[in-house]
file final.cif (mmCIF, C-alpha atoms)
data_protein
#
loop_
_atom_site.label_atom_id
_atom_site.label_comp_id
_atom_site.auth_asym_id
_atom_site.auth_seq_id
_atom_site.Cartn_x
_atom_site.Cartn_y
_atom_site.Cartn_z
CA MET A 1 146.37 185.38 -136.56
CA ILE A 2 144.91 182.19 -137.99
CA GLY A 3 148.27 180.38 -137.54
CA ALA A 4 148.37 181.48 -133.93
CA MET A 5 144.87 180.08 -133.39
CA GLU A 6 145.77 176.79 -135.04
CA ASN A 7 148.97 176.34 -132.97
CA PRO A 8 148.32 177.74 -129.50
CA PRO A 9 151.34 177.79 -127.18
CA ARG A 10 151.62 174.68 -125.02
CA PRO A 11 151.88 175.09 -121.25
CA LEU A 12 155.28 174.67 -119.65
CA PRO A 13 156.14 171.36 -117.92
CA PHE A 14 154.64 171.07 -114.42
CA SER A 15 152.37 174.02 -115.06
CA ALA A 16 149.39 175.00 -112.91
CA PHE A 17 147.12 173.06 -115.27
CA GLU A 18 148.94 169.77 -114.59
CA TRP A 19 148.93 170.36 -110.83
CA LEU A 20 145.20 171.18 -110.97
CA VAL A 21 144.32 167.97 -112.82
CA SER A 22 146.52 165.88 -110.47
CA GLY A 23 144.81 167.39 -107.45
CA ARG A 24 141.35 166.61 -108.83
CA TYR A 25 142.37 163.01 -109.51
CA LEU A 26 143.62 162.58 -105.93
CA ARG A 27 140.33 163.94 -104.57
CA ALA A 28 138.26 161.08 -105.95
CA ARG A 29 134.47 161.33 -106.09
CA ARG A 30 132.16 158.87 -104.36
CA LYS A 31 132.07 156.38 -107.21
CA GLU A 32 135.89 156.38 -107.27
CA GLY A 33 136.27 156.05 -103.52
CA PHE A 34 138.16 152.77 -103.75
CA ILE A 35 141.02 154.53 -105.53
CA SER A 36 141.29 157.15 -102.78
CA VAL A 37 141.30 154.34 -100.20
CA ILE A 38 144.31 152.77 -101.94
CA ALA A 39 146.03 156.16 -102.03
CA GLY A 40 145.30 156.60 -98.31
CA PHE A 41 146.80 153.22 -97.46
CA SER A 42 149.85 154.05 -99.59
CA PHE A 43 150.26 157.30 -97.65
CA LEU A 44 149.91 155.52 -94.29
CA GLY A 45 152.34 152.78 -95.35
CA ILE A 46 155.06 155.22 -96.35
CA MET A 47 154.47 157.38 -93.26
CA LEU A 48 154.67 154.40 -90.88
CA GLY A 49 157.63 152.88 -92.72
CA VAL A 50 159.67 156.08 -92.59
CA ALA A 51 158.72 156.81 -88.97
CA THR A 52 159.51 153.25 -87.87
CA LEU A 53 162.86 153.26 -89.64
CA ILE A 54 163.86 156.56 -88.03
CA ILE A 55 162.74 155.43 -84.56
CA VAL A 56 164.41 152.01 -84.71
CA MET A 57 167.68 153.40 -86.06
CA ALA A 58 167.71 156.15 -83.41
CA VAL A 59 167.01 153.69 -80.58
CA MET A 60 169.72 151.30 -81.78
CA ASN A 61 172.18 154.21 -82.08
CA GLY A 62 171.28 155.30 -78.57
CA PHE A 63 171.58 151.74 -77.30
CA ARG A 64 175.05 151.43 -78.85
CA LYS A 65 176.17 154.81 -77.46
CA GLU A 66 174.94 154.00 -73.94
CA LEU A 67 176.68 150.63 -73.97
CA ILE A 68 179.93 152.17 -75.22
CA ASP A 69 179.75 154.85 -72.52
CA LYS A 70 179.23 152.23 -69.82
CA ILE A 71 181.79 149.75 -71.11
CA VAL A 72 184.45 152.36 -71.86
CA GLY A 73 183.56 154.22 -68.67
CA MET A 74 184.80 151.19 -66.76
CA ASN A 75 187.57 150.07 -69.13
CA GLY A 76 189.92 152.13 -71.26
CA HIS A 77 189.65 152.77 -74.98
CA LEU A 78 193.11 151.21 -75.27
CA VAL A 79 194.78 148.67 -72.99
CA VAL A 80 198.58 148.65 -72.86
CA GLN A 81 199.88 145.20 -71.91
CA PRO A 82 203.56 144.26 -71.39
CA LEU A 83 205.70 142.22 -73.77
CA GLU A 84 208.97 140.45 -72.98
CA GLN A 85 209.10 141.72 -69.37
CA PRO A 86 206.63 142.84 -66.66
CA LEU A 87 205.51 146.46 -66.35
CA THR A 88 207.82 147.29 -63.45
CA ASP A 89 208.41 150.73 -64.98
CA TRP A 90 204.67 151.43 -65.05
CA LYS A 91 205.01 154.83 -63.37
CA ASP A 92 207.26 156.20 -66.12
CA VAL A 93 205.23 154.56 -68.90
CA THR A 94 201.98 155.94 -67.47
CA GLU A 95 203.45 159.42 -67.23
CA ARG A 96 204.68 159.38 -70.83
CA ILE A 97 201.37 158.12 -72.18
CA SER A 98 199.52 160.80 -70.19
CA GLN A 99 201.52 163.46 -72.04
CA VAL A 100 200.28 162.30 -75.47
CA SER A 101 197.96 164.84 -77.08
CA GLY A 102 194.32 163.71 -76.90
CA ILE A 103 194.83 161.30 -73.99
CA ARG A 104 192.44 162.09 -71.14
CA LEU A 105 193.66 159.56 -68.60
CA ALA A 106 196.15 156.69 -68.24
CA VAL A 107 195.34 154.28 -65.40
CA PRO A 108 197.66 151.47 -64.22
CA VAL A 109 195.67 148.51 -62.92
CA VAL A 110 196.20 145.09 -61.35
CA ASP A 111 193.54 142.53 -62.27
CA GLY A 112 192.95 139.11 -60.75
CA PRO A 113 190.15 136.62 -60.06
CA ALA A 114 188.96 135.90 -56.54
CA LEU A 115 186.10 134.50 -54.53
CA ALA A 116 184.16 137.10 -52.52
CA SER A 117 182.27 135.79 -49.51
CA SER A 118 180.19 137.01 -46.61
CA ALA A 119 178.40 135.25 -43.78
CA GLN A 120 175.43 134.62 -46.09
CA ASN A 121 176.84 133.80 -49.54
CA ALA A 122 179.81 133.68 -51.89
CA SER A 123 180.44 134.68 -55.52
CA GLY A 124 183.26 134.79 -58.03
CA VAL A 125 184.55 138.30 -58.70
CA LEU A 126 187.17 140.23 -60.64
CA VAL A 127 189.39 142.26 -58.34
CA ARG A 128 190.89 145.39 -59.88
CA GLY A 129 193.61 147.33 -58.14
CA ILE A 130 193.57 151.03 -59.00
CA ARG A 131 195.03 154.20 -57.56
CA PRO A 132 192.46 156.17 -55.50
CA ASP A 133 193.02 159.35 -57.53
CA ASP A 134 192.37 157.46 -60.76
CA LEU A 135 189.16 155.92 -59.39
CA ASN A 136 187.89 159.39 -58.52
CA LYS A 137 188.55 160.47 -62.13
CA LEU A 138 186.39 157.64 -63.50
CA ALA A 139 183.05 159.44 -63.59
CA SER A 140 181.16 156.19 -64.26
CA ILE A 141 182.19 155.01 -60.77
CA ALA A 142 182.69 158.17 -58.73
CA SER A 143 179.37 159.71 -59.80
CA ASN A 144 177.35 156.53 -59.17
CA ILE A 145 178.15 155.78 -55.53
CA GLN A 146 174.93 154.58 -53.87
CA GLN A 147 176.24 153.72 -50.40
CA GLY A 148 179.25 154.94 -48.45
CA SER A 149 181.99 157.06 -50.01
CA LEU A 150 185.44 156.75 -51.52
CA ASN A 151 187.14 158.43 -48.54
CA ALA A 152 188.08 155.15 -46.89
CA PHE A 153 189.19 153.79 -50.25
CA GLU A 154 191.50 156.77 -50.68
CA GLN A 155 193.07 155.95 -47.34
CA GLY A 156 193.67 152.36 -48.44
CA GLN A 157 191.28 150.97 -45.84
CA GLY A 158 188.40 149.59 -47.90
CA VAL A 159 187.05 148.29 -51.19
CA ALA A 160 184.35 149.44 -53.62
CA ILE A 161 181.91 146.80 -54.90
CA GLY A 162 178.99 146.71 -57.34
CA ARG A 163 175.39 146.99 -56.14
CA ARG A 164 174.30 143.58 -57.45
CA LEU A 165 177.25 141.92 -55.76
CA ALA A 166 176.38 143.70 -52.52
CA ASP A 167 172.76 142.49 -52.80
CA GLN A 168 173.87 138.94 -53.56
CA LEU A 169 176.19 138.86 -50.53
CA SER A 170 173.75 140.85 -48.34
CA LEU A 171 176.36 143.54 -47.70
CA ARG A 172 176.16 147.26 -47.09
CA ALA A 173 178.77 149.98 -46.78
CA GLY A 174 180.69 149.40 -43.56
CA ASP A 175 180.31 145.59 -43.61
CA ASN A 176 183.22 143.20 -44.10
CA ILE A 177 183.83 141.19 -47.26
CA THR A 178 186.34 138.34 -47.47
CA LEU A 179 188.39 137.84 -50.63
CA VAL A 180 189.87 134.42 -51.38
CA ALA A 181 192.45 134.14 -54.17
CA PRO A 182 194.50 131.14 -55.35
CA GLY A 183 198.26 131.21 -55.45
CA GLY A 184 198.95 132.35 -51.90
CA ALA A 185 201.75 131.24 -49.64
CA VAL A 186 203.54 128.01 -50.61
CA THR A 187 203.55 125.34 -47.89
CA SER A 188 204.74 121.77 -47.68
CA LYS A 189 201.31 120.68 -48.88
CA GLY A 190 201.28 123.07 -51.84
CA ALA A 191 200.06 126.61 -52.47
CA ALA A 192 197.51 127.78 -49.92
CA PRO A 193 194.79 130.22 -50.97
CA ARG A 194 195.17 133.80 -49.87
CA ILE A 195 192.31 134.89 -47.58
CA LYS A 196 191.86 138.45 -46.37
CA PRO A 197 188.88 140.45 -45.09
CA TYR A 198 188.23 144.03 -46.19
CA LYS A 199 185.70 146.67 -45.20
CA VAL A 200 183.20 147.77 -47.86
CA ALA A 201 183.90 151.49 -48.26
CA ALA A 202 181.48 152.17 -51.13
CA VAL A 203 178.80 150.49 -53.24
CA PHE A 204 178.42 151.72 -56.84
CA SER A 205 175.90 150.99 -59.60
CA LEU A 206 176.43 151.19 -63.37
CA ASP A 207 173.05 149.60 -64.24
CA MET A 208 175.00 146.85 -66.04
CA SER A 209 174.78 143.48 -64.35
CA GLU A 210 178.03 142.32 -65.98
CA TYR A 211 179.93 144.91 -63.92
CA ASP A 212 177.70 145.46 -60.89
CA SER A 213 177.79 141.75 -60.00
CA VAL A 214 181.51 140.98 -60.43
CA MET A 215 183.67 144.09 -59.92
CA VAL A 216 185.62 144.74 -56.73
CA PHE A 217 188.01 147.70 -56.59
CA LEU A 218 191.06 147.57 -54.33
CA PRO A 219 193.69 150.32 -53.80
CA LEU A 220 196.56 149.61 -56.19
CA ALA A 221 199.23 149.09 -53.52
CA GLU A 222 196.98 146.67 -51.61
CA ALA A 223 196.14 144.75 -54.82
CA GLN A 224 199.85 144.40 -55.64
CA ALA A 225 200.47 142.94 -52.21
CA TYR A 226 197.38 140.72 -52.36
CA PHE A 227 198.30 139.18 -55.73
CA ASN A 228 202.06 139.00 -55.00
CA ARG A 229 202.95 141.50 -57.73
CA ALA A 230 206.56 142.65 -57.39
CA ASP A 231 205.79 146.35 -57.89
CA ASP A 232 204.39 145.77 -61.36
CA VAL A 233 200.91 146.09 -62.87
CA SER A 234 198.81 143.95 -65.19
CA ALA A 235 198.11 146.68 -67.73
CA ILE A 236 197.58 150.40 -68.28
CA GLU A 237 194.06 151.50 -69.26
CA VAL A 238 194.16 154.49 -71.64
CA PHE A 239 191.16 156.82 -72.05
CA ILE A 240 191.00 159.23 -75.01
CA GLU A 241 189.14 162.53 -75.27
CA ALA A 242 187.84 161.94 -78.82
CA SER A 243 185.04 159.63 -79.94
CA PRO A 244 185.68 155.95 -79.15
CA ASP A 245 185.41 155.16 -82.88
CA ARG A 246 188.62 157.18 -83.46
CA VAL A 247 190.71 154.96 -81.22
CA ASP A 248 192.89 153.77 -84.14
CA GLU A 249 194.37 157.27 -84.42
CA PHE A 250 196.01 156.84 -81.00
CA ARG A 251 197.55 153.38 -81.39
CA ARG A 252 200.85 154.58 -82.87
CA PRO A 253 201.34 157.63 -80.55
CA VAL A 254 200.62 155.52 -77.45
CA ALA A 255 202.96 152.73 -78.59
CA ASP A 256 205.72 155.25 -79.26
CA ALA A 257 205.17 156.98 -75.92
CA ALA A 258 205.41 153.67 -74.04
CA GLY A 259 209.09 153.49 -74.98
CA ARG A 260 209.21 149.71 -74.64
CA PRO A 261 207.63 146.65 -76.32
CA VAL A 262 203.90 146.62 -75.56
CA PHE A 263 200.77 144.98 -76.89
CA LEU A 264 197.77 147.25 -77.54
CA VAL A 265 194.15 146.05 -77.40
CA ASP A 266 191.33 148.50 -78.13
CA TRP A 267 187.78 148.36 -76.79
CA ARG A 268 186.36 147.06 -80.08
CA ARG A 269 188.51 143.93 -80.02
CA ARG A 270 187.62 143.15 -76.41
CA THR A 271 183.90 143.47 -77.16
CA SER A 272 184.01 142.45 -80.83
CA ALA A 273 181.46 139.62 -80.57
CA PHE A 274 178.95 141.77 -78.71
CA PHE A 275 179.09 144.81 -80.99
CA ALA A 276 179.31 142.66 -84.14
CA ALA A 277 176.03 141.01 -83.13
CA LEU A 278 174.55 144.45 -82.46
CA GLN A 279 175.65 145.68 -85.90
CA VAL A 280 174.19 142.64 -87.66
CA GLU A 281 170.89 143.11 -85.82
CA ARG A 282 170.88 146.77 -86.80
CA ASN A 283 171.45 146.03 -90.49
CA VAL A 284 168.81 143.30 -90.56
CA MET A 285 166.27 145.58 -88.90
CA PHE A 286 166.99 148.25 -91.50
CA LEU A 287 166.41 145.81 -94.36
CA ILE A 288 163.22 144.41 -92.84
CA LEU A 289 161.72 147.81 -92.15
CA THR A 290 162.68 149.03 -95.62
CA LEU A 291 160.24 146.43 -96.95
CA ILE A 292 157.41 148.41 -95.33
CA VAL A 293 158.31 151.42 -97.47
CA LEU A 294 158.69 149.19 -100.54
CA VAL A 295 155.24 147.65 -100.03
CA ALA A 296 153.74 151.13 -99.66
CA ALA A 297 155.46 152.18 -102.87
CA LEU A 298 153.95 149.17 -104.65
CA ASN A 299 150.57 150.31 -103.38
CA ILE A 300 151.19 153.57 -105.22
CA VAL A 301 151.77 151.56 -108.40
CA SER A 302 148.50 149.64 -108.03
CA GLY A 303 146.56 152.76 -107.12
CA LEU A 304 147.86 154.74 -110.09
CA ILE A 305 147.22 151.87 -112.52
CA MET A 306 143.62 151.71 -111.35
CA LEU A 307 143.39 155.50 -111.61
CA VAL A 308 144.72 155.41 -115.19
CA LYS A 309 142.20 152.72 -116.12
CA ASP A 310 139.36 154.66 -114.51
CA LYS A 311 140.40 157.96 -116.12
CA GLY A 312 140.88 156.55 -119.63
CA SER A 313 138.08 158.68 -121.10
CA ASP A 314 139.39 161.80 -119.36
CA ILE A 315 142.88 161.14 -120.72
CA ALA A 316 141.48 160.74 -124.25
CA ILE A 317 139.59 164.04 -123.98
CA LEU A 318 142.68 165.83 -122.69
CA ARG A 319 144.69 164.43 -125.60
CA THR A 320 142.09 165.53 -128.18
CA VAL A 321 142.05 169.10 -126.86
CA GLY A 322 145.83 169.37 -127.17
CA ALA A 323 147.45 167.89 -124.08
CA SER A 324 150.73 166.20 -124.96
CA ARG A 325 151.86 162.77 -123.84
CA GLY A 326 154.42 164.46 -121.61
CA ALA A 327 151.68 166.48 -119.92
CA ILE A 328 149.61 163.37 -119.25
CA MET A 329 152.66 161.59 -117.85
CA ARG A 330 153.48 164.53 -115.59
CA VAL A 331 149.89 164.65 -114.28
CA PHE A 332 150.17 161.11 -112.93
CA LEU A 333 153.78 161.63 -111.81
CA ILE A 334 152.58 164.52 -109.68
CA ALA A 335 149.69 162.49 -108.29
CA GLY A 336 151.88 159.55 -107.28
CA ALA A 337 154.82 161.63 -106.08
CA ALA A 338 152.51 163.75 -103.92
CA ILE A 339 151.52 160.65 -101.93
CA GLY A 340 155.17 159.68 -101.46
CA VAL A 341 156.42 163.17 -100.55
CA VAL A 342 153.63 163.96 -98.08
CA GLY A 343 153.86 160.47 -96.55
CA THR A 344 157.65 160.72 -96.20
CA LEU A 345 157.60 164.19 -94.62
CA THR A 346 154.81 163.18 -92.25
CA GLY A 347 156.74 160.05 -91.30
CA LEU A 348 159.85 162.17 -90.69
CA LEU A 349 157.88 164.47 -88.37
CA VAL A 350 156.28 161.56 -86.48
CA GLY A 351 159.62 159.75 -86.15
CA MET A 352 161.39 162.84 -84.78
CA LEU A 353 158.61 163.54 -82.27
CA VAL A 354 158.68 159.94 -81.01
CA CYS A 355 162.49 159.94 -80.71
CA LEU A 356 162.48 163.18 -78.72
CA ASN A 357 159.90 161.77 -76.29
CA ILE A 358 160.84 158.08 -76.36
CA GLU A 359 161.37 157.71 -72.60
CA ALA A 360 158.06 159.41 -71.73
CA ILE A 361 156.30 157.12 -74.23
CA ARG A 362 157.98 154.05 -72.68
CA GLN A 363 156.87 155.05 -69.19
CA PHE A 364 153.33 155.71 -70.41
CA LEU A 365 153.12 152.31 -72.12
CA SER A 366 154.53 150.63 -69.01
CA TRP A 367 151.83 152.35 -66.95
CA ILE A 368 149.07 151.36 -69.39
CA THR A 369 150.15 147.71 -69.64
CA ASN A 370 151.29 147.46 -66.01
CA THR A 371 154.53 145.84 -67.17
CA GLU A 372 158.17 146.91 -67.22
CA LEU A 373 159.24 147.55 -70.81
CA PHE A 374 162.97 147.17 -71.48
CA PRO A 375 163.93 146.04 -67.94
CA PRO A 376 167.44 147.21 -66.91
CA LYS A 377 168.48 143.69 -65.83
CA LEU A 378 168.03 142.45 -69.39
CA TYR A 379 169.00 145.46 -71.51
CA PHE A 380 171.63 147.04 -69.18
CA LEU A 381 169.85 150.42 -69.47
CA SER A 382 167.95 152.40 -66.85
CA LYS A 383 166.06 154.31 -69.57
CA LEU A 384 165.33 153.89 -73.27
CA PRO A 385 167.80 156.00 -75.29
CA ALA A 386 167.40 157.50 -78.77
CA GLU A 387 170.29 159.06 -80.68
CA ILE A 388 169.21 160.67 -83.96
CA ASP A 389 171.88 160.46 -86.67
CA VAL A 390 171.39 163.19 -89.28
CA GLY A 391 173.07 161.18 -92.04
CA GLU A 392 170.98 158.05 -91.43
CA THR A 393 167.76 160.05 -91.19
CA ALA A 394 168.54 161.83 -94.45
CA ALA A 395 169.29 158.46 -96.08
CA VAL A 396 165.90 157.10 -94.97
CA VAL A 397 164.10 160.16 -96.37
CA VAL A 398 165.97 160.00 -99.69
CA MET A 399 165.30 156.25 -99.99
CA ALA A 400 161.55 156.72 -99.38
CA LEU A 401 161.33 159.59 -101.86
CA THR A 402 163.26 157.61 -104.48
CA LEU A 403 161.06 154.52 -104.12
CA SER A 404 157.93 156.68 -104.29
CA PHE A 405 159.14 158.41 -107.45
CA LEU A 406 160.16 155.16 -109.13
CA ALA A 407 156.75 153.68 -108.31
CA THR A 408 155.05 156.40 -110.37
CA LEU A 409 157.06 155.90 -113.57
CA TYR A 410 155.34 152.85 -115.04
CA PRO A 411 151.70 153.95 -114.41
CA SER A 412 152.52 157.45 -115.72
CA TRP A 413 154.20 156.04 -118.83
CA ARG A 414 151.20 153.76 -119.39
CA ALA A 415 148.83 156.72 -119.13
CA ALA A 416 150.91 158.70 -121.64
CA ARG A 417 150.88 155.79 -124.12
CA LEU A 418 147.07 155.42 -123.97
CA ASP A 419 145.49 155.72 -127.42
CA PRO A 420 142.67 158.34 -127.33
CA VAL A 421 140.61 156.50 -129.99
CA ASP A 422 140.65 153.18 -128.09
CA ALA A 423 140.00 154.96 -124.81
CA LEU A 424 136.89 156.70 -126.15
CA ARG A 425 135.70 153.59 -127.97
CA TYR A 426 136.04 151.17 -125.05
CA GLY A 427 135.98 153.61 -122.12
#
call {"tool": "encode", "arguments": {"input": "final.cif", "output": "structure tokens"}}
result
Amino acid sequence: MIGAMENPPRPLPFSAFEWLVSGRYLRARRKEGFISVIAGFSFLGIMLGVATLIIVMAVMNGFRKELIDKIVGMNGHLVVQPLEQPLTDWKDVTERISQVSGIRLAVPVVDGPALASSAQNASGVLVRGIRPDDLNKLASIASNIQQGSLNAFEQGQGVAIGRRLADQLSLRAGDNITLVAPGGAVTSKGAAPRIKPYKVAAVFSLDMSEYDSVMVFLPLAEAQAYFNRADDVSAIEVFIEASPDRVDEFRRPVADAAGRPVFLVDWRRRTSAFFAALQVERNVMFLILTLIVLVAALNIVSGLIMLVKDKGSDIAILRTVGASRGAIMRVFLIAGAAIGVVGTLTGLLVGMLVCLNIEAIRQFLSWITNTELFPPKLYFLSKLPAEIDVGETAAVVVMALTLSFLATLYPSWRAARLDPVDALRYG
């Protein structure tokens, strides 16, 4: 009995006693209010850092997805271009590529530069010849007709132009547009430009100035005649059903299905500079915003060091009544980790709520400030997108929790190493 009294059983690690002491230390009294202020700022820093990281990453993911949808909605994931000889057998090649598993659409096109003019103005454009049935299958065009319809286009009697081009030339559906292309008929004085008027059958809008201001669609047969193509096409645009990032899986099947020497260019190579810049910006933003979480974690370090210094006498008393160094270390680990865990989870909740309501928030801020945030002319988007990636969000949460935990190690170790005699003597 005496031996049992002299060696009482020690509590298990992370027992209720350690949680109780940690909770009392976090709820500082009035004379220790400065420590609780530091803990509060640490909590706010981690919460804002995590929320900001989640929001920025989601918005940049949404921005990238919207741009890919618009760019690939107009152009194919893969472009099949001829080698050695023109694509005079484009009908057979298109049919074979269409039969490849996972290919949604194969579209033969004729591309060429021209000058579009009206009675009021003129502008350089890119003329694309396309079969009417294929244009109707391009949802990015067919579902965004603002004026007119594609009926006249299907009959080979009109063209479809972008909204910004129509505004620049002061044209509406039903008006005439004149296309001027070099390399027309050869005369004794040289090659004369080819000039031909067309009726505007439809006006479309993709909310991307790069396309809305330069694209003019002609029926394929008319484009072949206009550009003096001897029943051949410039290229075949190939659209896949899978994610655009999986385009490499289709390079070999499409090349084999072509049955002739071809050169394949995917959407990433055609827009490599643009998306490379977007990726660099995304990575830099992640690193910069991670510093917010790191600074908040350093605030945990300073707050716990001050708490250890202030609680020196308490630590000495706990040690003299039997608390082990491990117990003291766990008390401060719990105190510091609680700030990091609660701040991270709160930041996760705030970030998710903002991402789910990002467009409503943008409209509210635009109304408050009486300005247009993220104007479509500059950002190519009619609304602010947010695409939450589960893997990235989990990585942000794990990073914040790891930094918060690491920030507690040194102050907790210092508290455990405190000598009770010195603490009571100088405390």
call {"tool": "atom_distance", "arguments": {"input": "final.cif", "atom1": "atom CA of Gly76 of chain A", "atom2": "atom CA of Ala386 of chain A"}}
result
24.3 Å
call {"tool": "closest_residue", "arguments": {"input": "final.cif", "among": "A:Ile236, A:Val159, A:Ala221, A:Val397", "to": "Tyr198 of chain A", "atoms": "only C-alpha atoms"}}
result
A:Val159
call {"tool": "closest_residue", "arguments": {"input": "final.cif", "among": "A:Gly129, A:Gly326, A:Gly124, A:Gly40", "to": "Thr178 of chain A", "atoms": "all atoms listed in the file"}}
result
A:Gly124
call {"tool": "residues_around", "arguments": {"input": "final.cif", "residues": "Val247 of chain A", "least_positions_apart": "5", "cutoff": "9 Å", "atoms": "all atoms listed in the file", "output": "list in words"}}
result
His77, Leu78, Ile240, Ala242, Asp266 and Trp267 of chain A
call {"tool": "closest_residue", "arguments": {"input": "final.cif", "among": "A:Phe274, A:Phe63, A:Phe227, A:Tyr211", "to": "Pro193 of chain A", "atoms": "only C-alpha atoms"}}
result
A:Phe227
call {"tool": "atom_distance", "arguments": {"input": "final.cif", "atom1": "atom CA of Asn299 of chain A", "atom2": "atom CA of Met285 of chain A"}}
result
21.9 Å
call {"tool": "closest_residue", "arguments": {"input": "final.cif", "among": "A:Ala116, A:Leu348, A:Val321, A:Leu409", "to": "Ala394 of chain A", "atoms": "all atoms listed in the file"}}
result
A:Leu348
call {"tool": "resolve_selection", "arguments": {"input": "final.cif", "expression": "the PyMOL selection byres ((chain A and resi 145) around 8)", "output": "number ranges by chain"}}
result
A: 141-144, 146-149, 202-205
call {"tool": "atom_distance", "arguments": {"input": "final.cif", "atom1": "atom CA of Leu287 of chain A", "atom2": "atom CA of Val56 of chain A"}}
result
11.6 Å
call {"tool": "resolve_selection", "arguments": {"input": "final.cif", "expression": "the PyMOL selection byres ((chain A and resi 75) around 12)", "output": "number ranges by chain"}}
result
A: 67-74, 76-80, 105-109, 111, 128, 130, 135, 138-141, 211, 215, 235-240, 244, 265-268, 270-271
call {"tool": "resolve_selection", "arguments": {"input": "final.cif", "expression": "the PyMOL selection byres ((chain A and resi 95-97) around 10)", "output": "PyMOL selection string"}}
result
chain A and resi 80+90-94+98-101+103-107+236+238+253-259
call {"tool": "closest_residue", "arguments": {"input": "final.cif", "among": "A:Val280, A:Ile315, A:Leu365, A:Ala297", "to": "Ala327 of chain A", "atoms": "only C-alpha atoms"}}
result
A:Ile315
call {"tool": "axis_aligned_box", "arguments": {"input": "final.cif", "around": "segment 59-66 of chain A", "padding_each_side": "8 Å", "output": "lines of an AutoDock Vina configuration file"}}
result
center_x = 171.6
center_y = 153.3
center_z = -78.0
size_x = 25.2
size_y = 20.0
size_z = 24.1
call {"tool": "decode", "arguments": {"input": "final.cif", "residues": "segment 198-202 of chain A", "atoms": "all heavy atoms", "output": "tab-separated table (two decimals), in the first residue's frame"}}
result
chain	number	residue	atom	x	y	z
A	198	TYR	N	-20.91	39.18	-99.08
A	198	TYR	CA	-21.72	38.10	-98.51
A	198	TYR	C	-22.74	38.71	-97.56
A	198	TYR	O	-22.52	39.78	-96.97
A	198	TYR	CB	-20.86	37.10	-97.73
A	198	TYR	CG	-19.91	36.30	-98.58
A	198	TYR	CD1	-18.59	36.71	-98.75
A	198	TYR	CD2	-20.32	35.14	-99.22
A	198	TYR	CE1	-17.70	35.97	-99.52
A	198	TYR	CE2	-19.45	34.40	-100.00
A	198	TYR	CZ	-18.15	34.82	-100.15
A	198	TYR	OH	-17.27	34.09	-100.91
A	199	LYS	N	-23.84	38.00	-97.37
A	199	LYS	CA	-24.86	38.43	-96.42
A	199	LYS	C	-24.53	37.85	-95.06
A	199	LYS	O	-24.13	36.69	-94.93
A	199	LYS	CB	-26.25	37.98	-96.87
A	199	LYS	CG	-27.37	38.40	-95.92
A	199	LYS	CD	-28.73	38.12	-96.50
A	199	LYS	CE	-29.01	39.09	-97.65
A	199	LYS	NZ	-30.41	38.97	-98.16
A	200	VAL	N	-24.68	38.66	-94.00
A	200	VAL	CA	-24.45	38.20	-92.64
A	200	VAL	C	-25.66	37.38	-92.19
A	200	VAL	O	-26.75	37.93	-91.96
A	200	VAL	CB	-24.21	39.38	-91.67
A	200	VAL	CG1	-24.04	38.87	-90.24
A	200	VAL	CG2	-23.00	40.19	-92.11
A	201	ALA	N	-25.49	36.07	-92.09
A	201	ALA	CA	-26.59	35.20	-91.69
A	201	ALA	C	-26.77	35.16	-90.18
A	201	ALA	O	-27.89	35.08	-89.69
A	201	ALA	CB	-26.35	33.78	-92.22
A	202	ALA	N	-25.65	35.21	-89.43
A	202	ALA	CA	-25.74	35.09	-87.97
A	202	ALA	C	-24.59	35.85	-87.32
A	202	ALA	O	-23.51	36.00	-87.91
A	202	ALA	CB	-25.71	33.62	-87.55
